[in-house]
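Chemist: Coordinates in upload.txt, compact mmCIF, C-alpha atoms, are listed below.
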# COMPACT_ATOMS: atom_id res chain seq x y z
CA MET A 1 88.11 95.36 118.66
CA SER A 2 88.72 91.73 119.61
CA THR A 3 86.05 89.51 121.07
CA ALA A 4 86.36 86.00 122.49
CA VAL A 5 83.90 83.67 120.81
CA ASN A 6 82.55 80.17 121.03
CA PRO A 7 84.76 77.91 118.86
CA ARG A 8 81.76 76.72 116.93
CA ALA A 9 80.37 80.21 116.37
CA ALA A 10 83.26 81.88 114.57
CA PRO A 11 82.08 83.21 111.20
CA ARG A 12 83.85 82.19 108.03
CA ASN A 13 85.47 84.70 105.64
CA GLN A 14 82.54 87.08 105.21
CA PHE A 15 82.72 90.84 104.73
CA ALA A 16 79.65 92.74 105.85
CA ASN A 17 80.05 95.10 102.87
CA ASP A 18 81.06 94.25 99.33
CA SER A 19 83.55 96.27 97.28
CA ALA A 20 80.82 98.19 95.45
CA SER A 21 79.29 99.26 98.76
CA LEU A 22 82.60 100.61 100.06
CA LYS A 23 83.17 102.57 96.85
CA ALA A 24 79.63 103.94 97.01
CA ILE A 25 80.25 105.23 100.55
CA VAL A 26 83.45 106.94 99.40
CA ALA A 27 81.79 108.48 96.33
CA ASP A 28 78.87 109.77 98.39
CA VAL A 29 80.95 111.37 101.14
CA LEU A 30 83.26 113.03 98.62
CA LYS A 31 80.27 114.48 96.77
CA TYR A 32 78.74 115.66 100.04
CA ALA A 33 81.98 117.34 101.18
CA ARG A 34 82.37 119.18 97.87
CA GLU A 35 78.78 120.40 98.01
CA HIS A 36 79.36 121.75 101.52
CA GLY A 37 82.48 123.80 100.94
CA ALA A 38 85.48 121.53 100.43
CA THR A 39 87.72 122.66 97.58
CA ALA A 40 89.31 119.18 97.60
CA CYS A 41 88.82 116.01 99.61
CA GLU A 42 89.79 112.36 99.97
CA ALA A 43 88.27 109.45 101.87
CA GLU A 44 88.98 105.83 102.68
CA VAL A 45 86.59 103.14 103.90
CA SER A 46 87.91 99.80 105.15
CA GLU A 47 86.71 96.60 106.76
CA GLY A 48 88.66 93.71 108.21
CA LEU A 49 87.97 90.48 110.00
CA GLY A 50 89.93 87.58 111.34
CA GLN A 51 90.31 84.73 113.75
CA THR A 52 93.21 84.01 116.10
CA VAL A 53 93.72 80.88 118.18
CA THR A 54 96.44 80.44 120.81
CA VAL A 55 97.17 77.25 122.71
CA ARG A 56 99.56 76.75 125.60
CA HIS A 57 100.61 73.39 126.99
CA GLY A 58 98.09 71.76 124.71
CA GLU A 59 95.16 73.73 126.11
CA VAL A 60 93.24 76.50 124.38
CA GLU A 61 94.32 79.79 125.93
CA THR A 62 92.46 82.27 123.72
CA ILE A 63 90.13 82.22 120.76
CA GLU A 64 89.57 85.66 119.33
CA TYR A 65 87.42 86.92 116.53
CA ASN A 66 87.98 90.47 115.28
CA ARG A 67 85.79 92.54 113.02
CA ASP A 68 86.83 96.13 112.39
CA LYS A 69 85.65 98.89 110.10
CA SER A 70 86.41 102.56 109.68
CA MET A 71 85.83 105.54 107.43
CA GLY A 72 88.14 108.54 107.38
CA ILE A 73 87.82 111.73 105.38
CA SER A 74 90.24 114.63 104.86
CA VAL A 75 88.89 117.85 103.44
CA TYR A 76 90.69 120.92 102.21
CA ILE A 77 89.36 124.46 102.19
CA GLY A 78 92.07 126.09 100.19
CA GLN A 79 95.25 125.04 102.00
CA ARG A 80 93.52 124.35 105.31
CA ARG A 81 92.99 120.68 106.16
CA GLY A 82 90.53 118.92 108.43
CA HIS A 83 90.26 115.22 109.16
CA ALA A 84 87.65 113.09 110.93
CA SER A 85 86.79 109.41 111.15
CA THR A 86 84.02 107.06 112.22
CA SER A 87 83.27 103.36 112.52
CA ASP A 88 79.59 103.89 111.68
CA PHE A 89 78.82 103.45 107.97
CA SER A 90 75.26 104.79 108.14
CA LEU A 91 74.58 107.70 105.80
CA LYS A 92 73.85 110.01 108.74
CA ALA A 93 77.11 109.13 110.52
CA VAL A 94 79.23 109.37 107.40
CA ARG A 95 77.91 112.80 106.52
CA ALA A 96 78.28 113.96 110.13
CA THR A 97 81.92 112.91 109.92
CA ALA A 98 82.35 115.00 106.78
CA ASP A 99 80.76 117.95 108.59
CA ALA A 100 83.23 117.49 111.45
CA ALA A 101 86.18 117.49 109.05
CA LEU A 102 84.88 120.65 107.37
CA SER A 103 84.48 122.36 110.73
CA ILE A 104 88.05 121.45 111.71
CA ALA A 105 89.41 122.77 108.41
CA LYS A 106 87.80 126.17 109.01
CA PHE A 107 89.88 126.63 112.17
CA THR A 108 93.13 125.09 110.93
CA ALA A 109 96.08 127.22 109.87
CA SER A 110 96.79 127.35 106.15
CA ASP A 111 99.65 125.14 105.00
CA GLU A 112 101.08 125.79 101.55
CA PHE A 113 102.21 122.16 101.26
CA ALA A 114 98.83 120.58 102.09
CA GLY A 115 96.65 119.00 99.44
CA LEU A 116 95.95 115.94 97.38
CA ALA A 117 98.57 114.09 95.38
CA ASP A 118 99.36 115.40 91.91
CA GLU A 119 96.67 114.18 89.54
CA ALA A 120 99.19 113.04 86.91
CA LEU A 121 100.72 110.57 89.38
CA LEU A 122 97.50 108.77 90.33
CA ALA A 123 97.11 105.11 89.41
CA ARG A 124 94.80 104.59 86.45
CA ASP A 125 95.42 100.98 85.41
CA ILE A 126 95.30 99.16 88.73
CA LEU A 127 97.07 95.80 88.63
CA ASP A 128 95.67 92.71 90.34
CA LEU A 129 98.59 91.48 92.47
CA ASP A 130 96.77 88.39 93.78
CA LEU A 131 96.79 89.59 97.39
CA PHE A 132 93.53 88.05 98.58
CA HIS A 133 93.48 84.44 99.75
CA PRO A 134 90.92 83.96 102.54
CA TRP A 135 91.60 80.89 104.66
CA ASP A 136 88.39 79.05 105.50
CA LEU A 137 89.74 77.36 108.62
CA PRO A 138 87.29 76.08 111.24
CA VAL A 139 88.33 76.96 114.77
CA GLU A 140 88.57 73.28 115.68
CA ARG A 141 91.14 72.77 112.93
CA ALA A 142 93.03 75.93 113.92
CA ILE A 143 93.35 74.52 117.45
CA GLU A 144 94.72 71.27 116.04
CA LEU A 145 97.33 73.13 113.99
CA ALA A 146 98.39 75.24 116.96
CA CYS A 147 98.70 72.12 119.14
CA ALA A 148 100.76 70.38 116.45
CA CYS A 149 103.05 73.40 116.33
CA GLU A 150 103.62 73.47 120.09
CA ASP A 151 103.99 69.67 120.29
CA ALA A 152 106.75 69.82 117.68
CA ALA A 153 108.62 72.36 119.81
CA PHE A 154 108.41 70.21 122.95
CA ALA A 155 109.48 67.13 120.97
CA VAL A 156 112.85 68.74 120.14
CA ASP A 157 114.33 67.98 123.57
CA LYS A 158 113.25 67.32 127.15
CA ARG A 159 114.99 70.53 128.15
CA ILE A 160 112.23 72.51 126.41
CA SER A 161 110.50 73.17 129.71
CA ASN A 162 107.83 75.75 129.08
CA SER A 163 105.79 77.47 126.38
CA GLU A 164 104.52 80.96 125.78
CA GLY A 165 102.08 79.48 123.32
CA ALA A 166 101.52 78.63 119.67
CA THR A 167 99.23 80.80 117.57
CA VAL A 168 97.37 80.37 114.29
CA SER A 169 95.86 83.56 112.88
CA LEU A 170 93.96 84.26 109.68
CA GLN A 171 93.17 87.83 108.68
CA GLN A 172 91.53 89.51 105.71
CA SER A 173 90.49 93.03 104.84
CA HIS A 174 89.38 95.24 101.97
CA PHE A 175 89.13 98.96 101.38
CA ALA A 176 88.17 101.68 98.96
CA TYR A 177 89.96 105.00 98.58
CA GLY A 178 88.91 107.96 96.51
CA ASN A 179 89.56 111.65 96.07
CA SER A 180 88.01 114.64 94.36
CA LEU A 181 90.45 114.35 91.44
CA GLY A 182 88.41 111.41 90.20
CA PHE A 183 90.43 108.53 91.64
CA LEU A 184 88.44 105.66 93.15
CA GLY A 185 90.01 102.27 93.78
CA GLY A 186 90.51 99.51 96.29
CA TYR A 187 91.14 95.82 96.69
CA PRO A 188 90.95 92.98 99.22
CA SER A 189 93.99 91.42 100.87
CA SER A 190 94.82 88.73 103.39
CA ARG A 191 97.61 87.81 105.78
CA HIS A 192 97.94 84.63 107.80
CA TRP A 193 100.57 83.45 110.24
CA ILE A 194 101.63 80.66 112.57
CA SER A 195 103.95 81.35 115.48
CA CYS A 196 105.45 79.59 118.48
CA ALA A 197 107.56 80.69 121.45
CA VAL A 198 109.11 78.28 123.96
CA ILE A 199 111.58 78.23 126.85
CA ALA A 200 114.52 75.89 127.41
CA GLY A 201 115.88 75.18 130.88
CA LYS A 202 114.69 76.13 134.33
CA GLY A 203 115.38 78.74 136.98
CA ASP A 204 118.40 80.92 136.23
CA GLU A 205 119.22 78.81 133.17
CA MET A 206 116.09 79.61 131.16
CA GLN A 207 116.43 80.71 127.53
CA ARG A 208 113.56 81.77 125.28
CA ASP A 209 113.22 81.89 121.51
CA ASP A 210 110.50 81.83 118.88
CA TRP A 211 109.74 81.44 115.21
CA TYR A 212 106.91 82.31 112.87
CA THR A 213 105.78 82.01 109.29
CA SER A 214 103.63 84.55 107.45
CA ALA A 215 102.05 84.73 103.99
CA ARG A 216 99.17 86.18 101.98
CA ASP A 217 98.14 82.65 101.00
CA GLN A 218 97.99 79.87 103.57
CA ALA A 219 99.56 77.59 100.97
CA GLY A 220 102.72 79.67 101.37
CA LEU A 221 103.01 79.06 105.11
CA ASP A 222 105.53 76.67 106.57
CA ALA A 223 103.96 73.62 108.20
CA PRO A 224 103.06 74.20 111.87
CA GLU A 225 105.34 71.31 112.82
CA THR A 226 108.24 73.06 111.07
CA VAL A 227 107.56 76.32 112.90
CA GLY A 228 107.43 74.55 116.26
CA LYS A 229 110.56 72.53 115.58
CA ILE A 230 112.56 75.63 114.62
CA ALA A 231 111.32 77.50 117.73
CA GLY A 232 112.36 74.57 119.91
CA GLN A 233 115.75 74.21 118.27
CA ARG A 234 116.46 77.93 118.59
CA ALA A 235 115.56 77.99 122.29
CA LEU A 236 117.64 74.88 122.97
CA ALA A 237 120.63 76.27 121.07
CA ARG A 238 120.73 79.22 123.48
CA PHE A 239 120.76 76.98 126.52
CA GLY A 240 123.83 77.63 128.67
CA ALA A 241 124.49 81.11 127.24
CA LYS A 242 127.26 83.16 128.84
CA LYS A 243 128.79 86.62 128.69
CA ILE A 244 131.85 87.56 126.66
CA PRO A 245 134.58 90.18 127.16
CA THR A 246 134.34 93.59 125.54
CA ALA A 247 135.94 93.55 122.08
CA GLN A 248 135.88 94.97 118.58
CA VAL A 249 135.02 92.19 116.15
CA PRO A 250 133.00 91.45 113.01
CA VAL A 251 129.27 91.07 113.60
CA LEU A 252 126.88 88.92 111.60
CA PHE A 253 123.23 89.94 111.95
CA GLU A 254 121.02 86.91 111.31
CA ALA A 255 118.36 87.51 108.65
CA PRO A 256 115.38 88.06 111.01
CA VAL A 257 117.22 90.86 112.86
CA ALA A 258 119.16 92.15 109.84
CA ALA A 259 115.91 93.54 108.46
CA SER A 260 115.96 96.08 111.30
CA LEU A 261 119.07 97.65 109.72
CA LEU A 262 117.04 98.31 106.58
CA GLY A 263 114.36 99.77 108.82
CA HIS A 264 116.82 102.28 110.28
CA PHE A 265 117.86 103.31 106.77
CA VAL A 266 114.22 103.78 105.74
CA ALA A 267 113.53 105.91 108.82
CA ALA A 268 116.56 108.09 108.06
CA VAL A 269 115.58 108.79 104.43
CA SER A 270 111.82 109.16 104.93
CA GLY A 271 110.12 112.48 104.37
CA GLY A 272 109.39 113.60 107.92
CA SER A 273 112.93 112.96 109.13
CA LEU A 274 114.40 114.73 106.10
CA TYR A 275 112.37 117.94 106.09
CA ARG A 276 112.67 118.24 109.87
CA LYS A 277 116.42 117.63 109.49
CA SER A 278 116.23 115.08 112.27
CA SER A 279 118.20 112.45 110.36
CA PHE A 280 121.86 111.55 110.01
CA LEU A 281 121.19 111.06 106.28
CA VAL A 282 119.89 114.53 105.37
CA ASP A 283 120.93 115.43 101.79
CA SER A 284 122.16 111.87 101.19
CA LEU A 285 120.57 111.52 97.73
CA GLY A 286 123.34 110.68 95.28
CA GLN A 287 125.81 110.07 98.10
CA GLN A 288 127.83 106.93 98.85
CA ILE A 289 126.25 105.79 102.12
CA PHE A 290 126.67 102.02 101.92
CA ALA A 291 129.51 99.77 100.89
CA PRO A 292 129.71 99.41 97.06
CA ILE A 293 128.35 95.84 97.26
CA VAL A 294 124.97 97.04 98.59
CA GLU A 295 122.00 97.05 96.19
CA ILE A 296 118.51 97.79 97.54
CA THR A 297 115.36 97.75 95.42
CA GLU A 298 111.75 98.59 96.22
CA ASP A 299 109.28 96.43 94.30
CA PRO A 300 105.61 97.10 95.13
CA LEU A 301 104.33 94.91 92.31
CA ILE A 302 105.41 91.43 93.45
CA VAL A 303 102.53 88.99 93.06
CA LYS A 304 101.39 87.85 96.54
CA GLY A 305 104.05 90.07 98.11
CA GLU A 306 103.43 90.84 101.77
CA ALA A 307 103.92 94.57 101.19
CA SER A 308 102.75 94.76 97.58
CA SER A 309 100.34 97.47 96.50
CA PRO A 310 99.45 98.95 93.10
CA PHE A 311 99.02 102.42 94.67
CA ASP A 312 99.84 104.12 97.94
CA GLU A 313 97.52 105.69 100.53
CA GLU A 314 97.07 108.77 98.32
CA GLY A 315 96.22 106.81 95.17
CA VAL A 316 99.67 107.40 93.64
CA ALA A 317 100.77 104.59 91.33
CA THR A 318 103.67 102.53 92.67
CA HIS A 319 106.63 101.39 90.59
CA ARG A 320 109.67 99.20 90.96
CA ARG A 321 112.68 101.41 91.57
CA PRO A 322 116.29 101.30 92.74
CA VAL A 323 116.80 102.80 96.19
CA VAL A 324 120.52 102.07 96.60
CA GLU A 325 122.85 101.25 93.71
CA ALA A 326 126.47 100.27 94.36
CA GLY A 327 126.09 101.81 97.81
CA VAL A 328 124.78 105.15 96.47
CA VAL A 329 121.37 106.41 97.64
CA ARG A 330 119.11 106.81 94.58
CA GLY A 331 115.76 107.35 96.24
CA TYR A 332 114.01 108.58 99.36
CA PHE A 333 110.63 107.48 100.78
CA LEU A 334 108.16 110.32 100.35
CA GLY A 335 104.46 111.03 100.37
CA SER A 336 103.06 114.13 98.67
CA TYR A 337 103.28 116.41 101.71
CA SER A 338 106.89 115.64 102.58
CA ALA A 339 107.86 115.76 98.90
CA ARG A 340 106.48 119.28 98.57
CA LYS A 341 108.29 120.34 101.74
CA LEU A 342 111.52 119.11 100.16
CA GLY A 343 110.80 120.52 96.70
CA MET A 344 110.64 117.01 95.28
CA GLN A 345 108.07 114.55 93.89
CA THR A 346 106.31 111.85 95.88
CA THR A 347 107.85 108.38 95.57
CA GLY A 348 104.52 106.63 96.16
CA ASN A 349 105.34 105.84 99.78
CA ALA A 350 102.45 107.50 101.59
CA GLY A 351 101.71 104.81 104.17
CA GLY A 352 105.09 103.10 104.12
CA THR A 353 107.50 100.99 102.09
CA HIS A 354 106.63 98.24 99.63
CA ASN A 355 108.81 95.10 99.50
CA LEU A 356 112.24 96.56 100.15
CA ILE A 357 114.76 93.96 98.94
CA LEU A 358 118.48 93.76 99.70
CA LYS A 359 120.30 91.89 96.92
CA ASP A 360 122.45 89.08 98.25
CA THR A 361 126.14 88.78 97.49
CA GLY A 362 125.95 85.03 96.88
CA GLN A 363 126.94 83.49 100.20
CA ASP A 364 124.77 81.10 102.15
CA PHE A 365 124.72 81.22 105.97
CA PRO A 366 127.60 78.75 106.57
CA GLN A 367 129.73 80.67 104.09
CA LEU A 368 129.03 83.91 105.95
CA LEU A 369 130.22 82.28 109.18
CA LYS A 370 133.41 81.17 107.46
CA GLN A 371 133.97 84.61 106.00
CA MET A 372 133.56 86.18 109.45
CA ASP A 373 135.91 83.55 110.96
CA ARG A 374 135.83 85.00 114.48
CA GLY A 375 133.19 87.29 115.87
CA LEU A 376 129.58 87.63 117.02
CA LEU A 377 126.45 86.20 115.44
CA VAL A 378 123.44 88.25 116.58
CA THR A 379 120.11 86.44 116.64
CA GLU A 380 118.11 88.74 118.90
CA MET A 381 118.08 92.48 119.55
CA LEU A 382 116.86 93.98 122.80
CA GLY A 383 115.83 97.55 123.59
CA SER A 384 116.26 100.59 121.40
CA GLY A 385 119.31 102.83 121.73
CA ILE A 386 119.44 104.55 118.36
CA ASN A 387 119.94 108.26 117.80
CA MET A 388 118.54 109.01 114.34
CA VAL A 389 120.08 112.50 114.34
CA THR A 390 123.66 111.30 114.82
CA GLY A 391 123.34 107.66 113.74
CA ASP A 392 124.76 106.40 117.04
CA TYR A 393 123.72 102.79 117.59
CA SER A 394 123.73 100.81 120.83
CA ARG A 395 121.42 97.88 121.51
CA GLY A 396 121.26 94.88 123.78
CA ALA A 397 121.79 91.60 121.98
CA ALA A 398 122.02 87.84 122.28
CA GLY A 399 123.39 85.25 119.91
CA PHE A 400 126.48 83.10 119.46
CA TRP A 401 130.24 83.45 119.56
CA VAL A 402 131.93 82.20 116.40
CA GLU A 403 135.46 80.77 116.20
CA ASN A 404 137.16 79.51 113.04
CA GLY A 405 133.95 80.00 111.07
CA GLN A 406 131.93 77.74 113.38
CA ILE A 407 129.40 78.52 116.11
CA ALA A 408 131.25 77.94 119.40
CA TYR A 409 128.74 78.75 122.14
CA PRO A 410 125.69 80.94 122.92
CA VAL A 411 126.11 84.39 124.47
CA HIS A 412 123.76 86.87 126.13
CA GLU A 413 123.65 90.09 128.14
CA ILE A 414 125.86 91.96 125.69
CA THR A 415 125.68 95.29 123.89
CA VAL A 416 126.40 95.88 120.21
CA ALA A 417 127.48 99.45 119.47
CA GLY A 418 128.64 101.60 116.59
CA ASN A 419 127.38 104.30 114.24
CA LEU A 420 124.92 103.50 111.48
CA LYS A 421 127.02 105.35 108.89
CA ASP A 422 130.03 103.19 109.76
CA MET A 423 127.87 100.08 109.88
CA PHE A 424 126.42 100.76 106.42
CA THR A 425 129.83 101.36 104.86
CA GLY A 426 131.17 98.36 106.75
CA ILE A 427 128.81 95.81 105.17
CA VAL A 428 131.02 93.15 103.59
CA ALA A 429 128.41 90.54 102.65
CA ALA A 430 124.66 89.98 102.38
CA GLY A 431 123.51 86.37 102.58
CA ASN A 432 121.10 84.53 100.33
CA ASP A 433 119.22 83.18 103.37
CA ILE A 434 116.43 85.67 102.68
CA ILE A 435 113.26 85.41 104.76
CA LYS A 436 110.15 86.73 103.01
CA ARG A 437 107.74 87.58 105.78
CA GLY A 438 107.47 91.35 105.87
CA SER A 439 108.00 94.61 104.03
CA LYS A 440 111.80 94.34 104.28
CA GLN A 441 113.44 91.30 102.75
CA CYS A 442 117.08 90.48 103.29
CA GLY A 443 119.42 87.70 104.26
CA SER A 444 121.98 87.84 107.05
CA ILE A 445 124.25 90.90 106.96
CA LEU A 446 127.95 90.78 107.85
CA ILE A 447 129.57 93.99 109.13
CA ASP A 448 133.34 94.21 109.30
CA ARG A 449 133.72 95.59 112.82
CA MET A 450 131.64 96.76 115.77
CA THR A 451 132.15 97.21 119.49
CA ILE A 452 130.79 94.38 121.65
CA GLY A 453 130.18 95.32 125.27
CA GLY A 454 130.32 92.36 127.62
CA ASP A 455 132.02 91.70 130.94
Using the file provided, produce a representation of the structure as structure tokens.

Modeler:
Amino acid sequence: MSTAVNPRAAPRNQFANDSASLKAIVADVLKYAREHGATACEAEVSEGLGQTVTVRHGEVETIEYNRDKSMGISVYIGQRRGHASTSDFSLKAVRATADAALSIAKFTASDEFAGLADEALLARDILDLDLFHPWDLPVERAIELACACEDAAFAVDKRISNSEGATVSLQQSHFAYGNSLGFLGGYPSSRHWISCAVIAGKGDEMQRDDWYTSARDQAGLDAPETVGKIAGQRALARFGAKKIPTAQVPVLFEAPVAASLLGHFVAAVSGGSLYRKSSFLVDSLGQQIFAPIVEITEDPLIVKGEASSPFDEEGVATHRRPVVEAGVVRGYFLGSYSARKLGMQTTGNAGGTHNLILKDTGQDFPQLLKQMDRGLLVTEMLGSGINMVTGDYSRGAAGFWVENGQIAYPVHEITVAGNLKDMFTGIVAAGNDIIKRGSKQCGSILIDRMTIGGD
């Protein structure tokens, strides 16, 4: 739920419930469910709040204040599962939600793979990863920062003709999770960001681009002026873009879009895709899938990491682990259910990945351009044309044509095509221009050859 508010009325970093209260709700509903027929159960209670300000052309466009809360419970009667949720934390509502979950479980088909995580895998010593840094930013000051961001974009060049807005957002949340195996834990976290999107040119010559910065701690954010300047420079650099002929050439995926390649890999080796056999990487564990230079690690325990967590959504302890070594797949991404379906053990990924990091091969961005020599630099991907069963890849793109290791001119309205298996084995370099603003961290990725569809 988002609600527009008076700039002077926005509340400051205040949870309506403290951590002890959230844990008490979880403990009570678990006890109630067990007393009323559940053979096992788990519940999570969460609360979040935040403030988002967007300005456009120096004027306030939106001021939003969000406050959200929810409680969800899953109960098991033998191998039959029922789930229900509510946003009402009153004792009556919470217990009614448990009753609803129990009722659903009575009519659900038995599933031999259903159930809580294995007790031996639950987190017992929960690390403090320093994930909570509330930003006490008055709305008036947030407006000033957003204006400074947009002003910096317009100051880049007179050809920056329009703006989609600059945004400053500060968010915080906390939760408690527990299950009938005795696990009960939770922690607060925060995430803040500043973004800007602008347009260069007019009429048929318009080109858009954007930039943003994100961090757990506002001290880790780039200055709003830096964000705006980069957004302006990127939009201006694309001014005068043109099409190119169809060709087969090396392709360099700039760091912000290169992370999507890691995302495709994660999707292909995640539990649901594997046990449904709807992935081009079924049975890839121990197989050479990437080029030998590729090393990918998952590290959930990075202090202040944007995707750090001491345990997953089932309470399973997380650990640093190799996912790809010398191009060989060493690990999947599994929760307890998918692991049981595959006859394996959960990897602590119920709820998603945690700080997936591609090790760089030492080159900075200019060195990657020189190594490519002639080819396409992709800075934006458009649409989604990916077949996860076959690995076929075809997406719209924009970026720059590179000649003699130097950016020659901007290009647009092109298609980049190939097969993800070939793309993974064709990785020849991973840059050290790593951007840390999400769950997947990597620099620019150079692939030896792909088909570029143009004129």

Chemist: Ranking A:Asp130, A:Asp157, A:Asp222, A:Asp68 by minimum distance to A:Lys304 and counting all atoms listed in the file, which one comes first?

Modeler: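 Distance minimum relative to A:Lys304 lands on A:Asp130.
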
Chemist: Might you pull out every residue within 10 Å of stretch 176-179 of chain A, with all atoms listed in the file counted and same-chain residues fewer than 5 positions away left off, and present them as a VMD selection string?

Modeler: chain A and resid 19 to 27 29 to 31 40 to 47 71 to 75 116 to 117 119 184 to 188 312 to 315

Chemist: Would you mind exporting the chosen residues as a PDB file, in the frame of the given file, restricted to C-alpha atoms?

Modeler:
ATOM      1  CA  SER A  19      83.550  96.270  97.280  1.00  0.00           C
ATOM      2  CA  ALA A  20      80.820  98.190  95.450  1.00  0.00           C
ATOM      3  CA  SER A  21      79.290  99.260  98.760  1.00  0.00           C
ATOM      4  CA  LEU A  22      82.600 100.610 100.060  1.00  0.00           C
ATOM      5  CA  LYS A  23      83.170 102.570  96.850  1.00  0.00           C
ATOM      6  CA  ALA A  24      79.630 103.940  97.010  1.00  0.00           C
ATOM      7  CA  ILE A  25      80.250 105.230 100.550  1.00  0.00           C
ATOM      8  CA  VAL A  26      83.450 106.940  99.400  1.00  0.00           C
ATOM      9  CA  ALA A  27      81.790 108.480  96.330  1.00  0.00           C
ATOM     10  CA  VAL A  29      80.950 111.370 101.140  1.00  0.00           C
ATOM     11  CA  LEU A  30      83.260 113.030  98.620  1.00  0.00           C
ATOM     12  CA  LYS A  31      80.270 114.480  96.770  1.00  0.00           C
ATOM     13  CA  ALA A  40      89.310 119.180  97.600  1.00  0.00           C
ATOM     14  CA  CYS A  41      88.820 116.010  99.610  1.00  0.00           C
ATOM     15  CA  GLU A  42      89.790 112.360  99.970  1.00  0.00           C
ATOM     16  CA  ALA A  43      88.270 109.450 101.870  1.00  0.00           C
ATOM     17  CA  GLU A  44      88.980 105.830 102.680  1.00  0.00           C
ATOM     18  CA  VAL A  45      86.590 103.140 103.900  1.00  0.00           C
ATOM     19  CA  SER A  46      87.910  99.800 105.150  1.00  0.00           C
ATOM     20  CA  GLU A  47      86.710  96.600 106.760  1.00  0.00           C
ATOM     21  CA  MET A  71      85.830 105.540 107.430  1.00  0.00           C
ATOM     22  CA  GLY A  72      88.140 108.540 107.380  1.00  0.00           C
ATOM     23  CA  ILE A  73      87.820 111.730 105.380  1.00  0.00           C
ATOM     24  CA  SER A  74      90.240 114.630 104.860  1.00  0.00           C
ATOM     25  CA  VAL A  75      88.890 117.850 103.440  1.00  0.00           C
ATOM     26  CA  LEU A 116      95.950 115.940  97.380  1.00  0.00           C
ATOM     27  CA  ALA A 117      98.570 114.090  95.380  1.00  0.00           C
ATOM     28  CA  GLU A 119      96.670 114.180  89.540  1.00  0.00           C
ATOM     29  CA  LEU A 184      88.440 105.660  93.150  1.00  0.00           C
ATOM     30  CA  GLY A 185      90.010 102.270  93.780  1.00  0.00           C
ATOM     31  CA  GLY A 186      90.510  99.510  96.290  1.00  0.00           C
ATOM     32  CA  TYR A 187      91.140  95.820  96.690  1.00  0.00           C
ATOM     33  CA  PRO A 188      90.950  92.980  99.220  1.00  0.00           C
ATOM     34  CA  ASP A 312      99.840 104.120  97.940  1.00  0.00           C
ATOM     35  CA  GLU A 313      97.520 105.690 100.530  1.00  0.00           C
ATOM     36  CA  GLU A 314      97.070 108.770  98.320  1.00  0.00           C
ATOM     37  CA  GLY A 315      96.220 106.810  95.170  1.00  0.00           C
TER      38      GLY A 315
END

Chemist: Write out as a PDB file with C-alpha atoms, keeping the file's coordinate frame which residues come within 10 Å of A:Ala109 when counting all atoms listed in the file, dropping same-chain ones fewer than 2 positions away.

Modeler:
ATOM      1  CA  GLN A  79      95.250 125.040 102.000  1.00  0.00           C
ATOM      2  CA  ARG A  80      93.520 124.350 105.310  1.00  0.00           C
ATOM      3  CA  ARG A  81      92.990 120.680 106.160  1.00  0.00           C
ATOM      4  CA  ALA A 105      89.410 122.770 108.410  1.00  0.00           C
ATOM      5  CA  LYS A 106      87.800 126.170 109.010  1.00  0.00           C
ATOM      6  CA  PHE A 107      89.880 126.630 112.170  1.00  0.00           C
ATOM      7  CA  ASP A 111      99.650 125.140 105.000  1.00  0.00           C
ATOM      8  CA  GLU A 112     101.080 125.790 101.550  1.00  0.00           C
TER       9      GLU A 112
END

Chemist: What does the distance from atom CA of A:Gly335 to atom CA of A:Ser273 come to in Å, to one decimal?

Modeler: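 So the two atoms, atom CA of A:Gly335 and atom CA of A:Ser273, lie 12.3 Å apart.
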
Chemist: Of the candidates A:Gly58, A:Gly396, A:Gly50, A:Pro256, which shows the shortest atom-to-atom distance to A:Val139, using all atoms listed in the file?

Modeler: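 With all atoms listed in the file as the atom set, the closest residue is A:Gly50.
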
Chemist: Can you pull out every residue within 9 Å of A:Gly78, counting all atoms listed in the file, but drop anything in the same chain fewer than 3 positions away, and send it as a ChimeraX atom specification?

Modeler: /A:38-40,81,110,114-115

Chemist: Report as a PyMOL selection string all protein, DNA and RNA residues lying within 8 Å of A:Ala268, evaluated on only C-alpha atoms, omitting residues in the same chain fewer than 2 positions from it.

Modeler: chain A and resi 264-266+270+273-274+279-282+388

Chemist: For C-alpha atoms, I'd like the residues from the last selection saved as a PDB file, keeping the file's coordinate frame.

Modeler:
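Writing done, so here's selection-v6.pdb:
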ATOM      1  CA  HIS A 264     116.820 102.280 110.280  1.00  0.00           C
ATOM      2  CA  PHE A 265     117.860 103.310 106.770  1.00  0.00           C
ATOM      3  CA  VAL A 266     114.220 103.780 105.740  1.00  0.00           C
ATOM      4  CA  SER A 270     111.820 109.160 104.930  1.00  0.00           C
ATOM      5  CA  SER A 273     112.930 112.960 109.130  1.00  0.00           C
ATOM      6  CA  LEU A 274     114.400 114.730 106.100  1.00  0.00           C
ATOM      7  CA  SER A 279     118.200 112.450 110.360  1.00  0.00           C
ATOM      8  CA  PHE A 280     121.860 111.550 110.010  1.00  0.00           C
ATOM      9  CA  LEU A 281     121.190 111.060 106.280  1.00  0.00           C
ATOM     10  CA  VAL A 282     119.890 114.530 105.370  1.00  0.00           C
ATOM     11  CA  MET A 388     118.540 109.010 114.340  1.00  0.00           C
TER      12      MET A 388
END

Chemist: Counting all atoms listed in the file, I want the residues whose atoms come within 7 Å of (131.5, 82.4, 114.8) in the file frame, returned as a ChimeraX atom specification.

Modeler: /A:369,372-377,400-408

Chemist: Build an axis-aligned box that encloses every atom of stretch 70-85 of chain A listed in the file, pad it by 3 Å on each side, and report its centre and edge lengths in Å to one decimal, as AutoDock Vina command-line options.

Modeler:
--center_x 90.5 --center_y 114.3 --center_z 105.7 --size_x 15.4 --size_y 29.5 --size_z 17.0
